[in-house]
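Visitor: So I've got this file, work_37.pdb, and it contains PDB, N, CA, C and O atoms:
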```pdb
MODEL        1
ATOM      1  N   MET A   1     118.184 225.761 143.818
ATOM      2  CA  MET A   1     119.021 226.903 143.536
ATOM      3  C   MET A   1     120.288 226.800 144.383
ATOM      4  O   MET A   1     120.247 226.644 145.592
ATOM      5  N   ILE A   2     121.409 226.888 143.726
ATOM      6  CA  ILE A   2     122.687 226.745 144.419
ATOM      7  C   ILE A   2     122.903 227.857 145.432
ATOM      8  O   ILE A   2     123.362 227.613 146.543
ATOM      9  N   ALA A   3     122.588 229.072 145.067
ATOM     10  CA  ALA A   3     122.826 230.198 145.977
ATOM     11  C   ALA A   3     122.080 230.035 147.291
ATOM     12  O   ALA A   3     122.557 230.486 148.334
ATOM     13  N   ALA A   4     120.942 229.386 147.266
ATOM     14  CA  ALA A   4     120.155 229.215 148.483
ATOM     15  C   ALA A   4     120.734 228.147 149.400
ATOM     16  O   ALA A   4     120.495 228.159 150.598
ATOM     17  N   THR A   5     121.522 227.229 148.843
ATOM     18  CA  THR A   5     122.041 226.130 149.654
ATOM     19  C   THR A   5     123.523 226.266 149.983
ATOM     20  O   THR A   5     124.016 225.569 150.862
ATOM     21  N   GLN A   6     124.233 227.116 149.277
ATOM     22  CA  GLN A   6     125.662 227.279 149.530
ATOM     23  C   GLN A   6     125.871 228.213 150.701
ATOM     24  O   GLN A   6     125.413 229.347 150.700
ATOM     25  N   GLY A   7     126.554 227.719 151.708
ATOM     26  CA  GLY A   7     126.825 228.531 152.889
ATOM     27  C   GLY A   7     128.045 229.398 152.696
ATOM     28  O   GLY A   7     128.800 229.241 151.736
ATOM     29  N   PRO A   8     128.283 230.311 153.616
ATOM     30  CA  PRO A   8     129.462 231.170 153.530
ATOM     31  C   PRO A   8     130.730 230.371 153.813
ATOM     32  O   PRO A   8     130.698 229.352 154.498
ATOM     33  N   ILE A   9     131.845 230.833 153.282
ATOM     34  CA  ILE A   9     133.124 230.168 153.523
ATOM     35  C   ILE A   9     133.550 230.394 154.972
ATOM     36  O   ILE A   9     133.239 231.430 155.567
ATOM     37  N   PHE A  10     134.223 229.418 155.523
ATOM     38  CA  PHE A  10     134.768 229.518 156.872
ATOM     39  C   PHE A  10     135.921 230.516 156.851
ATOM     40  O   PHE A  10     136.886 230.358 156.087
ATOM     41  N   ASN A  11     135.849 231.556 157.643
ATOM     42  CA  ASN A  11     136.873 232.602 157.646
ATOM     43  C   ASN A  11     138.268 232.068 157.955
ATOM     44  O   ASN A  11     139.266 232.588 157.464
ATOM     45  N   GLY A  12     138.344 231.049 158.765
ATOM     46  CA  GLY A  12     139.638 230.470 159.117
ATOM     47  C   GLY A  12     140.350 229.851 157.920
ATOM     48  O   GLY A  12     141.556 229.600 157.982
ATOM     49  N   ALA A  13     139.645 229.614 156.839
ATOM     50  CA  ALA A  13     140.258 229.031 155.651
ATOM     51  C   ALA A  13     141.339 229.935 155.077
ATOM     52  O   ALA A  13     142.225 229.476 154.360
ATOM     53  N   PHE A  14     141.284 231.216 155.389
ATOM     54  CA  PHE A  14     142.265 232.153 154.863
ATOM     55  C   PHE A  14     143.461 232.359 155.802
ATOM     56  O   PHE A  14     144.388 233.097 155.477
ATOM     57  N   ASP A  15     143.453 231.691 156.943
ATOM     58  CA  ASP A  15     144.524 231.867 157.920
ATOM     59  C   ASP A  15     145.769 231.039 157.619
ATOM     60  O   ASP A  15     146.873 231.435 157.964
ATOM     61  N   ASP A  16     145.588 229.855 157.044
ATOM     62  CA  ASP A  16     146.732 228.988 156.767
ATOM     63  C   ASP A  16     147.575 229.550 155.629
ATOM     64  O   ASP A  16     147.053 230.092 154.659
ATOM     65  N   LYS A  17     148.876 229.399 155.762
ATOM     66  CA  LYS A  17     149.808 229.855 154.735
ATOM     67  C   LYS A  17     150.230 228.666 153.880
ATOM     68  O   LYS A  17     150.546 227.596 154.396
ATOM     69  N   VAL A  18     150.242 228.858 152.585
ATOM     70  CA  VAL A  18     150.668 227.816 151.662
ATOM     71  C   VAL A  18     152.188 227.785 151.642
ATOM     72  O   VAL A  18     152.833 228.816 151.438
ATOM     73  N   THR A  19     152.753 226.600 151.857
ATOM     74  CA  THR A  19     154.204 226.467 151.838
ATOM     75  C   THR A  19     154.686 225.716 150.602
ATOM     76  O   THR A  19     155.847 225.822 150.227
ATOM     77  N   GLU A  20     153.816 224.942 149.985
ATOM     78  CA  GLU A  20     154.163 224.209 148.769
ATOM     79  C   GLU A  20     152.893 224.023 147.954
ATOM     80  O   GLU A  20     151.859 223.633 148.489
ATOM     81  N   THR A  21     152.976 224.300 146.678
ATOM     82  CA  THR A  21     151.810 224.123 145.824
ATOM     83  C   THR A  21     151.749 222.689 145.326
ATOM     84  O   THR A  21     152.755 222.126 144.893
ATOM     85  N   ALA A  22     150.578 222.086 145.405
ATOM     86  CA  ALA A  22     150.419 220.688 145.016
ATOM     87  C   ALA A  22     150.750 220.463 143.549
ATOM     88  O   ALA A  22     151.325 219.440 143.186
ATOM     89  N   TYR A  23     150.412 221.425 142.700
ATOM     90  CA  TYR A  23     150.631 221.199 141.272
ATOM     91  C   TYR A  23     152.109 221.109 140.890
ATOM     92  O   TYR A  23     152.441 220.671 139.796
ATOM     93  N   THR A  24     153.009 221.484 141.782
ATOM     94  CA  THR A  24     154.432 221.356 141.464
ATOM     95  C   THR A  24     154.947 219.938 141.705
ATOM     96  O   THR A  24     155.993 219.574 141.178
ATOM     97  N   THR A  25     154.204 219.155 142.471
ATOM     98  CA  THR A  25     154.644 217.793 142.777
ATOM     99  C   THR A  25     153.629 216.719 142.405
ATOM    100  O   THR A  25     153.948 215.542 142.473
ATOM    101  N   LYS A  26     152.422 217.130 142.040
ATOM    102  CA  LYS A  26     151.371 216.163 141.726
ATOM    103  C   LYS A  26     150.751 216.504 140.373
ATOM    104  O   LYS A  26     150.719 217.665 139.973
ATOM    105  N   PRO A  27     150.221 215.499 139.662
ATOM    106  CA  PRO A  27     149.562 215.778 138.392
ATOM    107  C   PRO A  27     148.260 216.557 138.622
ATOM    108  O   PRO A  27     147.665 216.490 139.703
ATOM    109  N   ALA A  28     147.847 217.294 137.598
ATOM    110  CA  ALA A  28     146.641 218.113 137.713
ATOM    111  C   ALA A  28     145.729 217.879 136.512
ATOM    112  O   ALA A  28     146.195 217.565 135.412
ATOM    113  N   TRP A  29     144.445 218.047 136.732
ATOM    114  CA  TRP A  29     143.434 217.968 135.689
ATOM    115  C   TRP A  29     142.603 219.239 135.758
ATOM    116  O   TRP A  29     142.421 219.810 136.836
ATOM    117  N   TYR A  30     142.104 219.670 134.605
ATOM    118  CA  TYR A  30     141.343 220.924 134.560
ATOM    119  C   TYR A  30     140.246 220.801 133.521
ATOM    120  O   TYR A  30     140.498 220.363 132.399
ATOM    121  N   ILE A  31     139.048 221.190 133.893
ATOM    122  CA  ILE A  31     137.932 221.240 132.953
ATOM    123  C   ILE A  31     137.726 222.691 132.546
ATOM    124  O   ILE A  31     137.476 223.546 133.397
ATOM    125  N   VAL A  32     137.857 222.951 131.258
ATOM    126  CA  VAL A  32     137.568 224.272 130.711
ATOM    127  C   VAL A  32     136.097 224.276 130.292
ATOM    128  O   VAL A  32     135.677 223.460 129.472
ATOM    129  N   ALA A  33     135.335 225.163 130.889
ATOM    130  CA  ALA A  33     133.923 225.315 130.540
ATOM    131  C   ALA A  33     133.845 226.337 129.409
ATOM    132  O   ALA A  33     134.024 227.531 129.627
ATOM    133  N   LYS A  34     133.608 225.846 128.202
ATOM    134  CA  LYS A  34     133.701 226.711 127.026
ATOM    135  C   LYS A  34     132.626 227.794 126.962
ATOM    136  O   LYS A  34     132.791 228.772 126.239
ATOM    137  N   ALA A  35     131.560 227.640 127.741
ATOM    138  CA  ALA A  35     130.505 228.664 127.753
ATOM    139  C   ALA A  35     130.492 229.437 129.075
ATOM    140  O   ALA A  35     129.494 230.061 129.420
ATOM    141  N   ASP A  36     131.599 229.386 129.804
ATOM    142  CA  ASP A  36     131.690 230.074 131.095
ATOM    143  C   ASP A  36     131.637 231.584 130.880
ATOM    144  O   ASP A  36     132.355 232.126 130.048
ATOM    145  N   ARG A  37     130.756 232.245 131.638
ATOM    146  CA  ARG A  37     130.657 233.698 131.558
ATOM    147  C   ARG A  37     131.141 234.354 132.849
ATOM    148  O   ARG A  37     131.000 235.556 133.030
ATOM    149  N   MET A  38     131.706 233.552 133.755
ATOM    150  CA  MET A  38     132.298 234.077 134.996
ATOM    151  C   MET A  38     133.816 234.158 134.850
ATOM    152  O   MET A  38     134.428 235.146 135.222
ATOM    153  N   ILE A  39     134.408 233.090 134.358
ATOM    154  CA  ILE A  39     135.847 233.038 134.105
ATOM    155  C   ILE A  39     136.011 232.819 132.599
ATOM    156  O   ILE A  39     135.539 231.807 132.075
ATOM    157  N   PRO A  40     136.643 233.720 131.895
ATOM    158  CA  PRO A  40     136.800 233.545 130.452
ATOM    159  C   PRO A  40     137.510 232.227 130.124
ATOM    160  O   PRO A  40     138.537 231.910 130.744
ATOM    161  N   PRO A  41     136.973 231.448 129.193
ATOM    162  CA  PRO A  41     137.599 230.173 128.842
ATOM    163  C   PRO A  41     139.087 230.299 128.476
ATOM    164  O   PRO A  41     139.872 229.413 128.809
ATOM    165  N   ASP A  42     139.485 231.392 127.831
ATOM    166  CA  ASP A  42     140.908 231.562 127.528
ATOM    167  C   ASP A  42     141.732 231.699 128.812
ATOM    168  O   ASP A  42     142.861 231.218 128.880
ATOM    169  N   ALA A  43     141.164 232.334 129.826
ATOM    170  CA  ALA A  43     141.852 232.429 131.124
ATOM    171  C   ALA A  43     141.927 231.051 131.776
ATOM    172  O   ALA A  43     142.947 230.702 132.384
ATOM    173  N   GLU A  44     140.867 230.268 131.656
ATOM    174  CA  GLU A  44     140.884 228.903 132.200
ATOM    175  C   GLU A  44     141.979 228.088 131.527
ATOM    176  O   GLU A  44     142.727 227.360 132.193
ATOM    177  N   ARG A  45     142.063 228.193 130.198
ATOM    178  CA  ARG A  45     143.103 227.465 129.470
ATOM    179  C   ARG A  45     144.497 227.893 129.934
ATOM    180  O   ARG A  45     145.394 227.055 130.097
ATOM    181  N   ALA A  46     144.687 229.181 130.124
ATOM    182  CA  ALA A  46     145.992 229.685 130.569
ATOM    183  C   ALA A  46     146.333 229.173 131.962
ATOM    184  O   ALA A  46     147.488 228.788 132.217
ATOM    185  N   MET A  47     145.354 229.165 132.867
ATOM    186  CA  MET A  47     145.605 228.651 134.220
ATOM    187  C   MET A  47     145.946 227.170 134.170
ATOM    188  O   MET A  47     146.870 226.710 134.856
ATOM    189  N   ALA A  48     145.217 226.413 133.360
ATOM    190  CA  ALA A  48     145.473 224.980 133.243
ATOM    191  C   ALA A  48     146.856 224.720 132.664
ATOM    192  O   ALA A  48     147.584 223.847 133.135
ATOM    193  N   LYS A  49     147.227 225.490 131.650
ATOM    194  CA  LYS A  49     148.537 225.329 131.033
ATOM    195  C   LYS A  49     149.646 225.685 132.019
ATOM    196  O   LYS A  49     150.686 225.033 132.056
ATOM    197  N   ALA A  50     149.418 226.698 132.839
ATOM    198  CA  ALA A  50     150.427 227.135 133.808
ATOM    199  C   ALA A  50     150.769 226.057 134.821
ATOM    200  O   ALA A  50     151.891 226.021 135.344
ATOM    201  N   VAL A  51     149.823 225.174 135.108
ATOM    202  CA  VAL A  51     150.083 224.098 136.072
ATOM    203  C   VAL A  51     150.280 222.756 135.374
ATOM    204  O   VAL A  51     150.292 221.714 136.007
ATOM    205  N   ASP A  52     150.423 222.816 134.038
ATOM    206  CA  ASP A  52     150.650 221.617 133.231
ATOM    207  C   ASP A  52     149.555 220.572 133.446
ATOM    208  O   ASP A  52     149.827 219.380 133.597
ATOM    209  N   ALA A  53     148.321 221.037 133.486
ATOM    210  CA  ALA A  53     147.179 220.152 133.734
ATOM    211  C   ALA A  53     146.748 219.433 132.464
ATOM    212  O   ALA A  53     146.910 219.948 131.355
ATOM    213  N   LYS A  54     146.179 218.271 132.646
ATOM    214  CA  LYS A  54     145.512 217.579 131.547
ATOM    215  C   LYS A  54     144.171 218.287 131.377
ATOM    216  O   LYS A  54     143.366 218.332 132.307
ATOM    217  N   ILE A  55     143.931 218.830 130.202
ATOM    218  CA  ILE A  55     142.764 219.678 129.981
ATOM    219  C   ILE A  55     141.659 218.916 129.263
ATOM    220  O   ILE A  55     141.899 218.230 128.275
ATOM    221  N   THR A  56     140.450 219.069 129.787
ATOM    222  CA  THR A  56     139.243 218.589 129.128
ATOM    223  C   THR A  56     138.360 219.802 128.892
ATOM    224  O   THR A  56     138.117 220.575 129.817
ATOM    225  N   GLU A  57     137.902 219.974 127.673
ATOM    226  CA  GLU A  57     137.014 221.094 127.362
ATOM    227  C   GLU A  57     135.591 220.571 127.206
ATOM    228  O   GLU A  57     135.362 219.578 126.517
ATOM    229  N   LEU A  58     134.663 221.231 127.862
ATOM    230  CA  LEU A  58     133.256 220.845 127.788
ATOM    231  C   LEU A  58     132.410 222.022 127.340
ATOM    232  O   LEU A  58     132.682 223.169 127.699
ATOM    233  N   ASP A  59     131.382 221.726 126.553
ATOM    234  CA  ASP A  59     130.386 222.739 126.211
ATOM    235  C   ASP A  59     129.501 222.892 127.437
ATOM    236  O   ASP A  59     128.485 222.213 127.573
ATOM    237  N   ALA A  60     129.937 223.752 128.342
ATOM    238  CA  ALA A  60     129.257 223.898 129.623
ATOM    239  C   ALA A  60     129.438 225.311 130.140
ATOM    240  O   ALA A  60     130.332 226.036 129.709
ATOM    241  N   SER A  61     128.582 225.657 131.098
ATOM    242  CA  SER A  61     128.667 226.953 131.759
ATOM    243  C   SER A  61     129.644 226.864 132.932
ATOM    244  O   SER A  61     130.332 225.862 133.107
ATOM    245  N   HIS A  62     129.641 227.891 133.767
ATOM    246  CA  HIS A  62     130.513 227.962 134.937
ATOM    247  C   HIS A  62     130.297 226.779 135.884
ATOM    248  O   HIS A  62     131.222 226.351 136.570
ATOM    249  N   VAL A  63     129.094 226.261 135.924
ATOM    250  CA  VAL A  63     128.784 225.133 136.808
ATOM    251  C   VAL A  63     128.659 223.847 135.979
ATOM    252  O   VAL A  63     127.612 223.218 135.909
ATOM    253  N   ALA A  64     129.777 223.468 135.383
ATOM    254  CA  ALA A  64     129.799 222.294 134.507
ATOM    255  C   ALA A  64     129.320 221.038 135.220
ATOM    256  O   ALA A  64     128.718 220.154 134.600
ATOM    257  N   MET A  65     129.566 220.969 136.523
ATOM    258  CA  MET A  65     129.151 219.772 137.263
ATOM    259  C   MET A  65     127.639 219.607 137.314
ATOM    260  O   MET A  65     127.139 218.505 137.548
ATOM    261  N   LEU A  66     126.912 220.686 137.058
ATOM    262  CA  LEU A  66     125.451 220.592 137.018
ATOM    263  C   LEU A  66     124.933 220.340 135.609
ATOM    264  O   LEU A  66     123.990 219.581 135.416
ATOM    265  N   SER A  67     125.538 220.980 134.627
ATOM    266  CA  SER A  67     125.045 220.826 133.257
ATOM    267  C   SER A  67     125.638 219.614 132.543
ATOM    268  O   SER A  67     125.037 219.099 131.602
ATOM    269  N   ARG A  68     126.796 219.153 132.967
ATOM    270  CA  ARG A  68     127.468 218.008 132.353
ATOM    271  C   ARG A  68     128.015 217.070 133.429
ATOM    272  O   ARG A  68     129.211 216.772 133.476
ATOM    273  N   PRO A  69     127.143 216.572 134.312
ATOM    274  CA  PRO A  69     127.647 215.778 135.449
ATOM    275  C   PRO A  69     128.384 214.504 135.050
ATOM    276  O   PRO A  69     129.388 214.163 135.677
ATOM    277  N   LYS A  70     127.929 213.805 134.021
ATOM    278  CA  LYS A  70     128.604 212.566 133.634
ATOM    279  C   LYS A  70     130.005 212.848 133.119
ATOM    280  O   LYS A  70     130.960 212.161 133.488
ATOM    281  N   GLN A  71     130.140 213.876 132.276
ATOM    282  CA  GLN A  71     131.463 214.190 131.735
ATOM    283  C   GLN A  71     132.413 214.651 132.841
ATOM    284  O   GLN A  71     133.600 214.298 132.830
ATOM    285  N   VAL A  72     131.926 215.429 133.797
ATOM    286  CA  VAL A  72     132.750 215.864 134.919
ATOM    287  C   VAL A  72     133.153 214.656 135.760
ATOM    288  O   VAL A  72     134.323 214.509 136.134
ATOM    289  N   ALA A  73     132.210 213.774 136.019
ATOM    290  CA  ALA A  73     132.522 212.556 136.788
ATOM    291  C   ALA A  73     133.549 211.702 136.053
ATOM    292  O   ALA A  73     134.449 211.133 136.680
ATOM    293  N   ASP A  74     133.438 211.627 134.727
ATOM    294  CA  ASP A  74     134.410 210.853 133.946
ATOM    295  C   ASP A  74     135.824 211.410 134.111
ATOM    296  O   ASP A  74     136.793 210.653 134.221
ATOM    297  N   VAL A  75     135.959 212.735 134.131
ATOM    298  CA  VAL A  75     137.271 213.359 134.321
ATOM    299  C   VAL A  75     137.804 213.038 135.717
ATOM    300  O   VAL A  75     138.983 212.691 135.885
ATOM    301  N   ILE A  76     136.940 213.132 136.715
ATOM    302  CA  ILE A  76     137.356 212.831 138.092
ATOM    303  C   ILE A  76     137.794 211.373 138.217
ATOM    304  O   ILE A  76     138.837 211.071 138.817
ATOM    305  N   LEU A  77     137.032 210.459 137.646
ATOM    306  CA  LEU A  77     137.375 209.039 137.714
ATOM    307  C   LEU A  77     138.668 208.751 136.978
ATOM    308  O   LEU A  77     139.497 207.955 137.445
ATOM    309  N   ALA A  78     138.870 209.381 135.819
ATOM    310  CA  ALA A  78     140.118 209.188 135.071
ATOM    311  C   ALA A  78     141.312 209.718 135.857
ATOM    312  O   ALA A  78     142.381 209.089 135.888
ATOM    313  N   ALA A  79     141.140 210.853 136.512
ATOM    314  CA  ALA A  79     142.215 211.424 137.330
ATOM    315  C   ALA A  79     142.542 210.489 138.493
ATOM    316  O   ALA A  79     143.717 210.230 138.787
ATOM    317  N   ALA A  80     141.512 209.978 139.151
ATOM    318  CA  ALA A  80     141.738 209.062 140.281
ATOM    319  C   ALA A  80     142.438 207.791 139.817
ATOM    320  O   ALA A  80     143.356 207.304 140.490
ATOM    321  N   ALA A  81     142.031 207.271 138.678
ATOM    322  CA  ALA A  81     142.657 206.051 138.154
ATOM    323  C   ALA A  81     144.122 206.295 137.785
ATOM    324  O   ALA A  81     144.959 205.423 137.962
ATOM    325  N   ALA A  82     144.427 207.485 137.310
ATOM    326  CA  ALA A  82     145.784 207.801 136.879
ATOM    327  C   ALA A  82     146.774 207.886 138.035
ATOM    328  O   ALA A  82     147.964 207.657 137.850
ATOM    329  N   VAL A  83     146.286 208.205 139.215
ATOM    330  CA  VAL A  83     147.190 208.346 140.364
ATOM    331  C   VAL A  83     147.061 207.205 141.361
ATOM    332  O   VAL A  83     147.717 207.213 142.394
ATOM    333  N   LYS A  84     146.216 206.255 141.039
ATOM    334  CA  LYS A  84     146.011 205.115 141.942
ATOM    335  C   LYS A  84     147.295 204.298 142.047
ATOM    336  O   LYS A  84     147.952 204.014 141.072
ATOM    337  N   ASP A  85     147.633 203.931 143.259
ATOM    338  CA  ASP A  85     148.843 203.124 143.506
ATOM    339  C   ASP A  85     148.664 201.710 143.038
ATOM    340  O   ASP A  85     147.721 201.081 143.071
TER     341      ASP A  85
ENDMDL
END
```
Please go through the file and, once you have read it, give me the structure as C-alpha cells.
Guide:
Amino acid sequence: MIAATQGPIFNGAFDDKVTETAYTTKPAWYIVAKADRMIPPDAERAMAKAVDAKITELDASHVAMLSRPKQVADVILAAAAAVKD
C-alpha cells in the first residue's frame, strides 16, 4: 500500500523561491492518465498544453506508474533520449 510507505514531505521544500521555471527553457513530457479520478484528465491536458509538453495518454488511474509501469518507463526513456547530448 502506497499510503503506508509514503512519508511526509520535508517542510523545508516550501522555503525555496522559484526564480525560473524549467519548462520555459527545457522540453517537457506529460502523461495524461485518462482514468484519473484525482486530477481530471481535461485539466491534465490543459496543464500539459500550457507548458508545451509532449503528451502521452494512457488508460490508467492517478498512479499510472503502478498500473502501466512499462508505458511510463517508455515515456521516461524517450524523454531522456531526446535530451541526451
Visitor: Which residues fall under the PyMOL selection byres ((chain A and resi 55-63) around 4.5) in this file, as a PyMOL selection string?
Guide: chain A and resi 30-36+53-54+64-67
Visitor: Go ahead and save the picked residues with N, CA, C and O atoms, as a PDB file, keeping the file's coordinate frame.
Guide:
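Result saved to again.pdb:
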```pdb
ATOM      1  N   TYR A  30     142.104 219.670 134.605  1.00  0.00           N
ATOM      2  CA  TYR A  30     141.343 220.924 134.560  1.00  0.00           C
ATOM      3  C   TYR A  30     140.246 220.801 133.521  1.00  0.00           C
ATOM      4  O   TYR A  30     140.498 220.363 132.399  1.00  0.00           O
ATOM      5  N   ILE A  31     139.048 221.190 133.893  1.00  0.00           N
ATOM      6  CA  ILE A  31     137.932 221.240 132.953  1.00  0.00           C
ATOM      7  C   ILE A  31     137.726 222.691 132.546  1.00  0.00           C
ATOM      8  O   ILE A  31     137.476 223.546 133.397  1.00  0.00           O
ATOM      9  N   VAL A  32     137.857 222.951 131.258  1.00  0.00           N
ATOM     10  CA  VAL A  32     137.568 224.272 130.711  1.00  0.00           C
ATOM     11  C   VAL A  32     136.097 224.276 130.292  1.00  0.00           C
ATOM     12  O   VAL A  32     135.677 223.460 129.472  1.00  0.00           O
ATOM     13  N   ALA A  33     135.335 225.163 130.889  1.00  0.00           N
ATOM     14  CA  ALA A  33     133.923 225.315 130.540  1.00  0.00           C
ATOM     15  C   ALA A  33     133.845 226.337 129.409  1.00  0.00           C
ATOM     16  O   ALA A  33     134.024 227.531 129.627  1.00  0.00           O
ATOM     17  N   LYS A  34     133.608 225.846 128.202  1.00  0.00           N
ATOM     18  CA  LYS A  34     133.701 226.711 127.026  1.00  0.00           C
ATOM     19  C   LYS A  34     132.626 227.794 126.962  1.00  0.00           C
ATOM     20  O   LYS A  34     132.791 228.772 126.239  1.00  0.00           O
ATOM     21  N   ALA A  35     131.560 227.640 127.741  1.00  0.00           N
ATOM     22  CA  ALA A  35     130.505 228.664 127.753  1.00  0.00           C
ATOM     23  C   ALA A  35     130.492 229.437 129.075  1.00  0.00           C
ATOM     24  O   ALA A  35     129.494 230.061 129.420  1.00  0.00           O
ATOM     25  N   ASP A  36     131.599 229.386 129.804  1.00  0.00           N
ATOM     26  CA  ASP A  36     131.690 230.074 131.095  1.00  0.00           C
ATOM     27  C   ASP A  36     131.637 231.584 130.880  1.00  0.00           C
ATOM     28  O   ASP A  36     132.355 232.126 130.048  1.00  0.00           O
ATOM     29  N   ALA A  53     148.321 221.037 133.486  1.00  0.00           N
ATOM     30  CA  ALA A  53     147.179 220.152 133.734  1.00  0.00           C
ATOM     31  C   ALA A  53     146.748 219.433 132.464  1.00  0.00           C
ATOM     32  O   ALA A  53     146.910 219.948 131.355  1.00  0.00           O
ATOM     33  N   LYS A  54     146.179 218.271 132.646  1.00  0.00           N
ATOM     34  CA  LYS A  54     145.512 217.579 131.547  1.00  0.00           C
ATOM     35  C   LYS A  54     144.171 218.287 131.377  1.00  0.00           C
ATOM     36  O   LYS A  54     143.366 218.332 132.307  1.00  0.00           O
ATOM     37  N   ALA A  64     129.777 223.468 135.383  1.00  0.00           N
ATOM     38  CA  ALA A  64     129.799 222.294 134.507  1.00  0.00           C
ATOM     39  C   ALA A  64     129.320 221.038 135.220  1.00  0.00           C
ATOM     40  O   ALA A  64     128.718 220.154 134.600  1.00  0.00           O
ATOM     41  N   MET A  65     129.566 220.969 136.523  1.00  0.00           N
ATOM     42  CA  MET A  65     129.151 219.772 137.263  1.00  0.00           C
ATOM     43  C   MET A  65     127.639 219.607 137.314  1.00  0.00           C
ATOM     44  O   MET A  65     127.139 218.505 137.548  1.00  0.00           O
ATOM     45  N   LEU A  66     126.912 220.686 137.058  1.00  0.00           N
ATOM     46  CA  LEU A  66     125.451 220.592 137.018  1.00  0.00           C
ATOM     47  C   LEU A  66     124.933 220.340 135.609  1.00  0.00           C
ATOM     48  O   LEU A  66     123.990 219.581 135.416  1.00  0.00           O
ATOM     49  N   SER A  67     125.538 220.980 134.627  1.00  0.00           N
ATOM     50  CA  SER A  67     125.045 220.826 133.257  1.00  0.00           C
ATOM     51  C   SER A  67     125.638 219.614 132.543  1.00  0.00           C
ATOM     52  O   SER A  67     125.037 219.099 131.602  1.00  0.00           O
TER      53      SER A  67
END
```
Visitor: Just the alpha helix (DSSP H) stuff from chain A, please, per backbone DSSP, written as a PyMOL selection string.
Guide: chain A and resi 2-5+41-50+64-67+69-83
Visitor: Figure out the distance between atom N of Val51 (chain A) and atom C of Pro27 (chain A), please, to one decimal in Å.
Guide: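 Spanning atom C of Pro27 (chain A) to atom N of Val51 (chain A) is a straight-line distance of 9.4 Å.
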Visitor: Tell me, in Å to one decimal, how far atom N of Glu44 (chain A) is from atom N of Trp29 (chain A).
Guide: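 Separating atom N of Glu44 (chain A) from atom N of Trp29 (chain A) is a distance of 13.7 Å.
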Visitor: One number please: atom C of Ala81 (chain A) to atom O of Asp52 (chain A), in Å, one decimal.
Guide: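 Calculated distance between atom C of Ala81 (chain A) and atom O of Asp52 (chain A) is 14.9 Å.
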Visitor: DSSP on the backbone: which residues in chain A end up as strand (DSSP E or B)? Give the answer as a short mmCIF file (atom, residue, chain, number, x, y, z; two decimals) with N, CA, C and O atoms, in the frame of the given file.
Guide:
```
data_model
loop_
_atom_site.label_atom_id
_atom_site.label_comp_id
_atom_site.auth_asym_id
_atom_site.auth_seq_id
_atom_site.Cartn_x
_atom_site.Cartn_y
_atom_site.Cartn_z
N TRP A 29 144.44 218.05 136.73
CA TRP A 29 143.43 217.97 135.69
C TRP A 29 142.60 219.24 135.76
O TRP A 29 142.42 219.81 136.84
N TYR A 30 142.10 219.67 134.60
CA TYR A 30 141.34 220.92 134.56
C TYR A 30 140.25 220.80 133.52
O TYR A 30 140.50 220.36 132.40
N ILE A 31 139.05 221.19 133.89
CA ILE A 31 137.93 221.24 132.95
C ILE A 31 137.73 222.69 132.55
O ILE A 31 137.48 223.55 133.40
N VAL A 32 137.86 222.95 131.26
CA VAL A 32 137.57 224.27 130.71
C VAL A 32 136.10 224.28 130.29
O VAL A 32 135.68 223.46 129.47
N ALA A 33 135.34 225.16 130.89
CA ALA A 33 133.92 225.32 130.54
C ALA A 33 133.84 226.34 129.41
O ALA A 33 134.02 227.53 129.63
N LYS A 54 146.18 218.27 132.65
CA LYS A 54 145.51 217.58 131.55
C LYS A 54 144.17 218.29 131.38
O LYS A 54 143.37 218.33 132.31
N ILE A 55 143.93 218.83 130.20
CA ILE A 55 142.76 219.68 129.98
C ILE A 55 141.66 218.92 129.26
O ILE A 55 141.90 218.23 128.28
N THR A 56 140.45 219.07 129.79
CA THR A 56 139.24 218.59 129.13
C THR A 56 138.36 219.80 128.89
O THR A 56 138.12 220.58 129.82
N GLU A 57 137.90 219.97 127.67
CA GLU A 57 137.01 221.09 127.36
C GLU A 57 135.59 220.57 127.21
O GLU A 57 135.36 219.58 126.52
N LEU A 58 134.66 221.23 127.86
CA LEU A 58 133.26 220.84 127.79
C LEU A 58 132.41 222.02 127.34
O LEU A 58 132.68 223.17 127.70
#
```
